Amino acid sequence: MQKFETLTGVAAPMSLVNIDTDMIIPKQFLKTIKRSGLGKNLFDELRYTENGEENPDFVLNQKKYRNSKILVVGENFGCGSSREHAPWALLDFGIRCVISISFADIFYNNCFKNGILPIELPQEIVNVLMQETQKGSNAQITIELENQMITTSDGTCFSFDIDSFKKHCLLNGLDDVGLTMEKAASIDNFERQSKIERPWV
């Protein structure tokens with residue numbers, strides 16, 4: 001998993017509330033178990049018309065937001081079914097951070113397992129950041145995970161809270177497999193000792 005240390009990028013606004021996982025990646029695209037290739041179908045029903053053409057009104061189709069790395073979204077983002085394809089699609093598109101008032105629990109935890117930083121902030125700060133996104137390609141927000149700090153394009157800083165274990169995993173690029181592999185030496189020692197003590201197993 002890619003480490004998350006410092007991220008600077010354009011922030012795009014999506015003020016809708018209760019954006020569920022089916023809106024993030026519709027069910028017809030869940031047939032794959034690959035983490036790559038889903039970015040083209042991120043927010044599919046919002047990004048494309050019934051004819052398959054881009055919807056020019058959708059934020060991520062606008063030139064100034066096409067390369068956004070950060071989303072500032074409405075509350076309860078990621079609700080609905082517990083599909084891990086949702087953070088896969090965000091990451092494949094290039095989104096590394098999502099900022100909201102609140103997230104659905106399963107989506108929130110899935111983000112950390114896939115190298116995406118979800119940040120929960122009070123309404124008044126999210127409002128400021130939502131206003132910041134209106135600067136378009138000039139809305140360069142910097143997020144420093146180590147210092148737990150967000151800096152806007154005009155130098156305004158906001159701190160955010162994060163669980164220390166989740167922070168450790170993101171900073172070091174550790175998903176569930178990576179965490180297990182940190183104990184590889186201990187696991188190998190246990191296996192060797194087990195063969196000696198229980199050779200019949």
# chains A, B, ... in the order shown; residues from 1 in each chain; ligands from 1
call {"tool": "residues_around", "arguments": {"residues": "A:Phe77", "least_positions_apart": "3", "cutoff": "12 Å", "atoms": "only C-alpha atoms", "output": "ChimeraX atom specification"}}
result
/A:14-24,71-74,80-81,86-87,98-108,111,118-120
call {"tool": "residues_around", "arguments": {"residues": "A:Lys166", "least_positions_apart": "6", "cutoff": "12 Å", "atoms": "only C-alpha atoms", "output": "PyMOL selection string"}}
result
chain A and resi 3-4+108-119+145-146+172-176+179
call {"tool": "closest_residue", "arguments": {"among": "A:Cys157, A:Cys97, A:Val128, A:Leu38", "to": "A:Thr6", "atoms": "only C-alpha atoms"}}
result
A:Cys97
call {"tool": "closest_residue", "arguments": {"among": "A:Asp154, A:Glu84, A:Glu75, A:Glu5", "to": "A:Leu30", "atoms": "only C-alpha atoms"}}
result
A:Glu84
call {"tool": "atom_distance", "arguments": {"atom1": "atom CA of A:Glu54", "atom2": "atom CA of A:Lys40"}}
result
11.2 Å
call {"tool": "atom_distance", "arguments": {"atom1": "atom CA of A:Ala89", "atom2": "atom CA of A:Asn147"}}
result
27.4 Å
call {"tool": "closest_residue", "arguments": {"among": "A:Ser159, A:Asn76, A:Gln193, A:Gln131", "to": "A:Glu144", "atoms": "only C-alpha atoms"}}
result
A:Ser159
call {"tool": "closest_residue", "arguments": {"among": "A:Asp44, A:Glu50, A:Glu124, A:Glu197", "to": "A:Phe158", "atoms": "only C-alpha atoms"}}
result
A:Glu124
call {"tool": "select_by_dssp", "arguments": {"residues": "stretch 88-188 of chain A", "states": "alpha helix (DSSP H)", "output": "MDAnalysis selection string"}}
result
chainID A and resid 88:93 105:113 123:132 164:172 176:181 184:188
call {"tool": "select_by_dssp", "arguments": {"residues": "stretch 14-144 of chain A", "states": "strand (DSSP E)", "output": "list in words"}}
result
Met14, Ile70, Leu71, Val72, Val73, Cys97, Val98, Ile99, Ser100, Leu117, Pro118, Ile119, Glu120, Gln140, Ile141, Thr142, Ile143 and Glu144 of chain A
call {"tool": "residues_around", "arguments": {"residues": "A:Glu132", "least_positions_apart": "4", "cutoff": "9 Å", "atoms": "only C-alpha atoms", "output": "PyMOL selection string"}}
result
chain A and resi 11+127-128+136+138-141+152-153
call {"tool": "atom_distance", "arguments": {"atom1": "atom CA of A:Asp92", "atom2": "atom CA of A:Thr49"}}
result
21.4 Å
call {"tool": "residues_around", "arguments": {"residues": "A:Thr32", "least_positions_apart": "2", "cutoff": "12 Å", "atoms": "only C-alpha atoms", "output": "list in words"}}
result
Lys27, Gln28, Phe29, Leu30, Lys34, Arg35, Ser36, Gly37, Leu38, Arg83, Glu84, His85, Trp88 and Ala89 of chain A
